[in-house]
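Beneath this line is the structure, given in structure tokens, with notes to follow.
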Amino acid sequence: MRKGSTVQVKIDRTEFPSVGIGELEGKKIYVKGAFPGQIVSGRVKKKRENYAELKLLSVDEKAEYEIDAPCEYFGLCGGCTSQNLTYEKQLELLSEEVKSLFKDANVYMGDYLGVVGSQEQWEYRNKMEFTFGDFEKGGELTLGMHMKGKSFGIITVDKCLIVDEDFRKVIKATVDYFRDKKLPYYRVMKREGYLRHLVIRKAINTGEIMVNLVTTSQIDFDLSEYVEILRSQSYKGKLVSILHTENNSFSDAVVPEKVNLLYGKDFIIEDLLGLKFKISPFSFFQTNTKGAESLYSIVRDFMGEADDKVVFDLYCGTGTIGQITAAKAKKVVGLELIEEAVEAAKENAKLNKLTNCEFIAGDVAETIKQLKDKPDIIILDPPRSGVSPKALDYVIRFNAREIIYVSCNPKTLVENLKDLIAAGYKVEKTIVKDMFPNTPHAEVVVKLTK
């Protein structure tokens, strides 16, 4: 086995996040996108003494449980990775992956409550960010997702199955219009062009739709005709916001250097478990609305009776978890780095007439020092990188009776749990919540007690 050579291997199991594992020549073989029971061929892209990583080239023999993926873009599009598995099989593998992660880290799961699936396997996304480009160099304008395994190349996904028909209509109307106008897409390497991204958000429970076109300012183009085309479409929901974001940054991310309101209002309203939340174009909100209701219900159940308790919601974002738990708590204090998110949290608390919530902006590791309240329950919902050692040290010093940890990255979760266990906490129960069907991602909720 040499780097660059092509080898064949049978996949025995998966490790989080859905990486196929096999064995060859006494080495552990990692193959992203492969599943147990498959025989695959791959190119050796990394070789070490005890393991090797392959780039998947072909599935030479399918697993007996595989099905035909329903989406015509599957395999080309870099979005979904497991549409060729039944949803039951996806959940089964996810459960095993998370359990193995805990076992390998020697972290006790407490009472393992299994996996809670998503209410919807299809059309569950409430936000998608699409990119302008071309399918092949010099081809016609495309708008959609990056192609699997390619640095460049965009496939138009106006029949995507993880969003609903309103998203698909906006994609098709947009790409058709700008193809006709012969406007250039932005080329990252050359740093020239006009069209960059299209971001669509839809409040699933209220039906409100926001469309945000992202371009450079290299061309002065009148977008009023485009606005009328979007408004003339027939939607299941209601189009209430059309924005134009100007972004001249060299980064491929959507950077809101200037946001112009073209139609309606600059936010949408979503209902979640009886509360209203104002969602601005760049605020974080869980991308699966029904999944979020289920996830936050789990957190609320893990809290139990908390009428006389102070709850700290660390990494609170726009305050969604904190406000949903506020009805069961004496007081909720939320900390968040992003100032705009904190302002939105305060606004949402007013909208919901919640008087027992306080939200503070600043780095969690620093702001946590200033808090005068003593928490009975701490809710941790950090980014993928987990809780920093500095912030975790302060969390431990608060000596809260209970900690509820909501993690979007089980790998950093188990590392943080090791430190919490060493500090005298015990994992009471663990549950996996699938928020992203047909992908390897998941949320894990853990309750710890002192």
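We label chains A, B, ... in the order they appear in the structure tokens, count residues from 1 in each chain, and number ligands from 1 in the order shown.
Close contacts of Ile67 in chain A, defined as residues with an atom at most 12 Å away when counting only C-alpha atoms, with chain neighbours fewer than 6 positions off set aside, comprise Ser82, Gln83, Asn84, Leu85, Thr86, Tyr87, Glu88, Lys89 and Gln90 of chain A.
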- prompt: Excluding same-chain residues fewer than 3 positions from range 392-394 of chain A, what lies within 12 Å of it counting only C-alpha atoms, as an NGL selection string?
  reply: :A and (314 or 364-371 or 374-375 or 378 or 380 or 382 or 386-389 or 397-400 or 403 or 405 or 413 or 415-423)
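Assigned to strand (DSSP E or B) in range 312-414 of chain A, given DSSP computed from backbone atoms, are Phe312, Asp313, Leu314, Ala329, Lys330, Lys331, Val332, Val333, Gly334, Leu335, Glu336, Cys357, Glu358, Phe359, Ile360, Ala361, Ile377, Ile378, Ile379, Leu380, Glu402, Ile403, Ile404, Tyr405, Val406 and Ser407 of chain A.
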field: Shell around Gly139 in chain A at 12 Å using only C-alpha atoms, local window under 5 positions removed, as a ChimeraX atom specification
entry: /A:133-134,153-155,179,182,184-185
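Distance annotation: of A:Glu343, A:Glu49, A:Asp301, A:Asp376, the residue with the minimal separation from Ile360 in chain A is A:Glu343; atom set is only C-alpha atoms.
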